[in-house]
Amino acid sequence: LHLASKPWKIRQAIKAAESDTVFLLGDSTNDGLPEQFSQFLSCITDVAQEKIVLPVPGNHDITHPHFIGKETDGIVGYMDFQRALLESASERGCFFSYDQSSLAWALQIEDLDLIGLQCVISGRKFQFPESKEIDWLVQHLSSTPASWHIILCHAPLLAHNPNRNIGPPYLDKNKRIQD
């Protein structure tokens with residue numbers, strides 16, 4: 001959705017979603033700035049307060065060092081955004097397994113396990129941060145009784161590159177996730 005300065009587009013898109021649940025699969029904002037996330041939350045409150053909105057970060061949701069300098073990892077705005085949306089979903093009866101250090105979350109619905117992963121690091125690179133995300137995923141998958149797992153992630157998890165004719169796949173640097 002790449003919210004930068006035209007919130008009416010976000011309101012229109014969320015309002016048009018004919019479901020009780022909306023999945024935001026990354027790039028909710030254009031620059032990952034805290035004020036963009038705040039504006040996005042206002043859009044959700046304005047038009048979809050009754051919907052459950054489940055996010056995963058995209059490369060544009062991480063603040064690029066150009067905007068913030070190198071003293072921060074660029075995820076502060078997203079962390080608050082994710083926390084607010086997951087708390088809102090919890091108030092509606094969704095109970096999450098959550099790892100704040102990696103931003104990973106899981107929601108079990110009967111025999112289905114819905115999992116959200118972060119696959120972007122500072123500088124907007126597609127890579128799992130320090131393998132914390134994968135460690136959490138391996139532990140979670142080994143301990144959940146669910147038979148079905150849907151993993152939500154901004155970049156494709158498998159080694160393929162549908163948007164380019166040449167070059168490596170998005171997450172090629174992490175053999176562990178491919179395995």
# chains A, B, ... in the order shown; residues from 1 in each chain; ligands from 1
$ closest_atom_pairs --of "region 32-51 of chain A" --to "region 77-80 of chain A" --cutoff "12 Å" --atoms "only C-alpha atoms" --output "CSV"
residue,atom,partner,partner_atom,distance
A:Gly32,CA,A:Gly77,CA,6.5
A:Leu33,CA,A:Gly77,CA,6.1
A:Pro34,CA,A:Gly77,CA,4.3
A:Glu35,CA,A:Gly77,CA,7.9
A:Gln36,CA,A:Gly77,CA,8.4
A:Phe37,CA,A:Gly77,CA,6.4
A:Ser38,CA,A:Gly77,CA,8.4
A:Gln39,CA,A:Gly77,CA,11.3
A:Phe40,CA,A:Tyr78,CA,10.9
A:Leu41,CA,A:Asp80,CA,10.2
$ residues_around --residues "Ala4 (chain A)" --least-positions-apart "6" --cutoff "8 Å" --atoms "only C-alpha atoms" --output "list in words"
Thr29, Asn30, Asp31 and Gln36 of chain A
$ write_last_selection --atoms "C-alpha atoms" --output "mmCIF file, in the first residue's frame"
data_model
loop_
_atom_site.group_PDB
_atom_site.id
_atom_site.type_symbol
_atom_site.label_atom_id
_atom_site.label_comp_id
_atom_site.auth_asym_id
_atom_site.auth_seq_id
_atom_site.Cartn_x
_atom_site.Cartn_y
_atom_site.Cartn_z
ATOM 1 C CA THR A 29 4.267 2.598 4.465
ATOM 2 C CA ASN A 30 6.604 4.037 1.901
ATOM 3 C CA ASP A 31 9.419 5.230 4.170
ATOM 4 C CA GLN A 36 3.325 7.179 8.484
#
$ atom_distance --atom1 "CA of Asp20 (chain A)" --atom2 "CA of Gln108 (chain A)"
16.3 Å
$ closest_residue --among "A:Ile115, A:Ile10, A:Ile75, A:Ala89" --to "Trp148 (chain A)" --atoms "only C-alpha atoms"
A:Ile115
$ select_by_dssp --residues "region 18-165 of chain A" --states "alpha helix (DSSP H)" --output "PyMOL selection string"
chain A and resi 34-47+65-68+76-91+132-143
$ write_last_selection --atoms "C-alpha atoms" --output "CSV table (one decimal), in the first residue's frame"
chain,number,residue,atom,x,y,z
A,34,PRO,CA,6.7,6.7,12.7
A,35,GLU,CA,4.3,9.4,11.5
A,36,GLN,CA,3.3,7.2,8.5
A,37,PHE,CA,2.5,4.3,10.8
A,38,SER,CA,0.5,6.6,13.0
A,39,GLN,CA,-1.4,7.8,10.0
A,40,PHE,CA,-2.0,4.2,8.9
A,41,LEU,CA,-3.4,3.3,12.3
A,42,SER,CA,-5.8,6.2,12.1
A,43,CYS,CA,-7.0,5.0,8.7
A,44,ILE,CA,-7.7,1.6,10.2
A,45,THR,CA,-9.6,3.1,13.1
A,46,ASP,CA,-11.6,5.4,10.8
A,47,VAL,CA,-12.9,2.7,8.4
A,65,PRO,CA,19.3,4.8,7.0
A,66,HIS,CA,19.0,7.8,4.7
A,67,PHE,CA,16.2,9.1,6.9
A,68,ILE,CA,17.5,8.1,10.4
A,76,VAL,CA,10.9,1.4,15.8
A,77,GLY,CA,7.9,2.8,13.9
A,78,TYR,CA,6.9,-0.7,12.7
A,79,MET,CA,7.2,-2.2,16.2
A,80,ASP,CA,4.6,0.2,17.6
A,81,PHE,CA,2.4,-0.4,14.6
A,82,GLN,CA,2.5,-4.2,14.9
A,83,ARG,CA,2.0,-4.1,18.7
A,84,ALA,CA,-1.1,-1.9,18.3
A,85,LEU,CA,-2.6,-4.2,15.7
A,86,LEU,CA,-1.9,-7.4,17.5
A,87,GLU,CA,-3.3,-5.9,20.8
A,88,SER,CA,-6.4,-4.9,18.9
A,89,ALA,CA,-6.7,-8.5,17.5
A,90,SER,CA,-6.2,-9.9,21.0
A,91,GLU,CA,-9.1,-7.8,22.3
A,132,LYS,CA,16.4,-15.0,15.5
A,133,GLU,CA,13.4,-15.3,13.3
A,134,ILE,CA,14.3,-18.7,12.0
A,135,ASP,CA,15.2,-20.0,15.5
A,136,TRP,CA,11.8,-18.9,16.7
A,137,LEU,CA,10.1,-20.5,13.6
A,138,VAL,CA,11.8,-23.9,14.1
A,139,GLN,CA,11.0,-23.9,17.9
A,140,HIS,CA,7.4,-22.8,17.1
A,141,LEU,CA,6.8,-25.4,14.4
A,142,SER,CA,8.2,-28.2,16.6
A,143,SER,CA,5.9,-27.3,19.5
$ residues_around --residues "region 50-56 of chain A" --least-positions-apart "2" --cutoff "8 Å" --atoms "only C-alpha atoms" --output "PyMOL selection string"
chain A and resi 19-26+48+58+82+85-86+88-89+92+116-118+152-154
$ closest_residue --among "A:Ala104, A:Lys15, A:Glu110, A:Ser97" --to "Gln49 (chain A)" --atoms "only C-alpha atoms"
A:Lys15
$ atom_distance --atom1 "CA of His149 (chain A)" --atom2 "CA of Cys94 (chain A)"
16.4 Å
$ select_by_dssp --residues "region 93-153 of chain A" --states "strand (DSSP E)" --output "MDAnalysis selection string"
chainID A and resid 96:99 104:109 112:116 120:121 125:126 148:152
$ write_last_selection --atoms "N, CA, C and O atoms" --output "CSV table (one decimal), in the first residue's frame"
chain,number,residue,atom,x,y,z
A,96,PHE,N,-2.0,-14.8,20.5
A,96,PHE,CA,-0.8,-14.9,19.8
A,96,PHE,C,0.3,-15.5,20.6
A,96,PHE,O,0.5,-15.2,21.8
A,97,SER,N,1.2,-16.2,19.9
A,97,SER,CA,2.5,-16.5,20.4
A,97,SER,C,3.3,-15.5,19.7
A,97,SER,O,3.2,-15.2,18.5
A,98,TYR,N,4.2,-14.8,20.5
A,98,TYR,CA,4.8,-13.6,19.9
A,98,TYR,C,6.3,-13.5,20.4
A,98,TYR,O,6.6,-13.8,21.6
A,99,ASP,N,7.2,-13.2,19.5
A,99,ASP,CA,8.6,-12.9,19.9
A,99,ASP,C,8.9,-11.5,19.5
A,99,ASP,O,9.2,-11.3,18.3
A,104,ALA,N,8.3,-11.9,15.2
A,104,ALA,CA,7.5,-13.0,14.7
A,104,ALA,C,6.3,-13.2,15.6
A,104,ALA,O,6.3,-12.9,16.8
A,105,TRP,N,5.2,-13.7,15.0
A,105,TRP,CA,4.0,-14.0,15.7
A,105,TRP,C,3.3,-15.2,15.1
A,105,TRP,O,3.6,-15.5,13.9
A,106,ALA,N,2.5,-15.8,15.9
A,106,ALA,CA,1.7,-17.0,15.4
A,106,ALA,C,0.4,-16.9,16.0
A,106,ALA,O,0.2,-16.5,17.2
A,107,LEU,N,-0.6,-17.3,15.3
A,107,LEU,CA,-2.0,-17.3,15.7
A,107,LEU,C,-2.6,-18.7,15.3
A,107,LEU,O,-2.6,-19.0,14.2
A,108,GLN,N,-3.0,-19.5,16.3
A,108,GLN,CA,-3.6,-20.8,16.0
A,108,GLN,C,-5.1,-20.7,16.0
A,108,GLN,O,-5.7,-20.2,17.0
A,109,ILE,N,-5.7,-21.2,14.9
A,109,ILE,CA,-7.1,-21.2,14.7
A,109,ILE,C,-7.5,-22.6,14.4
A,109,ILE,O,-7.2,-23.1,13.3
A,112,LEU,N,-5.2,-24.8,12.2
A,112,LEU,CA,-4.4,-23.9,11.3
A,112,LEU,C,-3.5,-23.0,12.2
A,112,LEU,O,-4.0,-22.4,13.1
A,113,ASP,N,-2.3,-22.9,11.8
A,113,ASP,CA,-1.3,-22.1,12.4
A,113,ASP,C,-0.9,-21.0,11.4
A,113,ASP,O,-0.4,-21.2,10.4
A,114,LEU,N,-1.3,-19.7,11.8
A,114,LEU,CA,-0.9,-18.6,10.9
A,114,LEU,C,0.3,-18.0,11.5
A,114,LEU,O,0.3,-17.6,12.7
A,115,ILE,N,1.3,-17.8,10.7
A,115,ILE,CA,2.6,-17.3,11.2
A,115,ILE,C,3.1,-16.1,10.4
A,115,ILE,O,3.0,-16.1,9.2
A,116,GLY,N,3.5,-15.0,11.1
A,116,GLY,CA,4.0,-13.8,10.5
A,116,GLY,C,5.5,-13.7,10.8
A,116,GLY,O,5.9,-13.8,11.9
A,120,VAL,N,13.3,-8.7,6.7
A,120,VAL,CA,14.0,-7.5,6.2
A,120,VAL,C,14.9,-6.9,7.3
A,120,VAL,O,14.5,-6.9,8.5
A,121,ILE,N,16.1,-6.5,7.0
A,121,ILE,CA,16.9,-5.9,8.0
A,121,ILE,C,17.2,-4.4,7.6
A,121,ILE,O,16.8,-4.0,6.5
A,125,LYS,N,17.3,-4.6,3.2
A,125,LYS,CA,17.8,-5.8,2.6
A,125,LYS,C,16.9,-7.0,3.0
A,125,LYS,O,16.5,-7.1,4.2
A,126,PHE,N,16.7,-7.9,2.0
A,126,PHE,CA,15.9,-9.1,2.3
A,126,PHE,C,16.8,-10.1,3.0
A,126,PHE,O,17.6,-10.7,2.3
A,148,TRP,N,-1.7,-27.6,9.9
A,148,TRP,CA,-1.5,-26.7,8.8
A,148,TRP,C,-0.8,-25.5,9.2
A,148,TRP,O,-1.2,-24.9,10.2
A,149,HIS,N,0.1,-25.0,8.4
A,149,HIS,CA,0.8,-23.8,8.7
A,149,HIS,C,0.8,-22.9,7.5
A,149,HIS,O,1.1,-23.3,6.4
A,150,ILE,N,0.4,-21.6,7.7
A,150,ILE,CA,0.5,-20.6,6.6
A,150,ILE,C,1.5,-19.6,7.1
A,150,ILE,O,1.3,-19.0,8.2
A,151,ILE,N,2.6,-19.4,6.4
A,151,ILE,CA,3.6,-18.4,6.8
A,151,ILE,C,3.5,-17.2,5.9
A,151,ILE,O,3.5,-17.3,4.7
A,152,LEU,N,3.2,-16.1,6.6
A,152,LEU,CA,3.1,-14.8,5.9
A,152,LEU,C,4.5,-14.1,6.0
A,152,LEU,O,5.0,-13.9,7.1
$ decode --residues "region 102-121 of chain A" --atoms "N, CA, C and O atoms" --output "compact mmCIF listing (two decimals), in the first residue's frame"
# COMPACT_ATOMS: atom_id res chain seq x y z
N SER A 102 12.20 -10.56 17.45
CA SER A 102 12.28 -10.83 16.02
C SER A 102 11.03 -10.38 15.28
O SER A 102 10.98 -10.49 14.06
N LEU A 103 10.04 -9.89 15.99
CA LEU A 103 8.76 -9.47 15.43
C LEU A 103 7.93 -10.62 14.87
O LEU A 103 6.97 -10.41 14.14
N ALA A 104 8.30 -11.85 15.18
CA ALA A 104 7.54 -13.01 14.72
C ALA A 104 6.31 -13.20 15.58
O ALA A 104 6.33 -12.94 16.78
N TRP A 105 5.23 -13.68 14.96
CA TRP A 105 4.02 -13.98 15.71
C TRP A 105 3.34 -15.19 15.09
O TRP A 105 3.58 -15.53 13.93
N ALA A 106 2.51 -15.85 15.88
CA ALA A 106 1.72 -16.98 15.39
C ALA A 106 0.35 -16.93 16.04
O ALA A 106 0.21 -16.54 17.19
N LEU A 107 -0.64 -17.31 15.28
CA LEU A 107 -2.01 -17.35 15.74
C LEU A 107 -2.58 -18.70 15.34
O LEU A 107 -2.60 -19.05 14.17
N GLN A 108 -3.00 -19.49 16.34
CA GLN A 108 -3.57 -20.79 16.03
C GLN A 108 -5.08 -20.69 16.01
O GLN A 108 -5.70 -20.19 16.96
N ILE A 109 -5.67 -21.15 14.91
CA ILE A 109 -7.12 -21.19 14.74
C ILE A 109 -7.47 -22.63 14.43
O ILE A 109 -7.24 -23.12 13.32
N GLU A 110 -7.98 -23.34 15.44
CA GLU A 110 -8.25 -24.76 15.33
C GLU A 110 -7.01 -25.50 14.86
O GLU A 110 -5.99 -25.45 15.52
N ASP A 111 -7.03 -26.14 13.67
CA ASP A 111 -5.90 -26.93 13.20
C ASP A 111 -4.98 -26.13 12.25
O ASP A 111 -4.13 -26.69 11.60
N LEU A 112 -5.19 -24.82 12.20
CA LEU A 112 -4.41 -23.95 11.33
C LEU A 112 -3.52 -23.04 12.17
O LEU A 112 -3.96 -22.44 13.14
N ASP A 113 -2.29 -22.94 11.76
CA ASP A 113 -1.31 -22.08 12.42
C ASP A 113 -0.93 -20.98 11.44
O ASP A 113 -0.36 -21.25 10.39
N LEU A 114 -1.28 -19.74 11.75
CA LEU A 114 -0.95 -18.58 10.93
C LEU A 114 0.30 -17.95 11.52
O LEU A 114 0.32 -17.64 12.72
N ILE A 115 1.33 -17.77 10.72
CA ILE A 115 2.62 -17.30 11.22
C ILE A 115 3.05 -16.07 10.43
O ILE A 115 3.02 -16.08 9.20
N GLY A 116 3.47 -15.01 11.14
CA GLY A 116 4.00 -13.81 10.49
C GLY A 116 5.48 -13.68 10.77
O GLY A 116 5.91 -13.78 11.92
N LEU A 117 6.28 -13.49 9.72
CA LEU A 117 7.74 -13.39 9.86
C LEU A 117 8.27 -12.08 9.29
O LEU A 117 7.75 -11.58 8.30
N GLN A 118 9.33 -11.60 9.88
CA GLN A 118 10.05 -10.45 9.35
C GLN A 118 11.25 -10.96 8.58
O GLN A 118 12.06 -11.72 9.09
N CYS A 119 11.38 -10.51 7.32
CA CYS A 119 12.51 -10.97 6.50
C CYS A 119 13.32 -9.80 5.97
O CYS A 119 13.95 -9.90 4.93
N VAL A 120 13.30 -8.69 6.68
CA VAL A 120 13.98 -7.48 6.20
C VAL A 120 14.85 -6.94 7.32
O VAL A 120 14.46 -6.90 8.48
N ILE A 121 16.06 -6.52 6.97
CA ILE A 121 16.94 -5.89 7.95
C ILE A 121 17.18 -4.44 7.56
O ILE A 121 16.76 -4.01 6.48
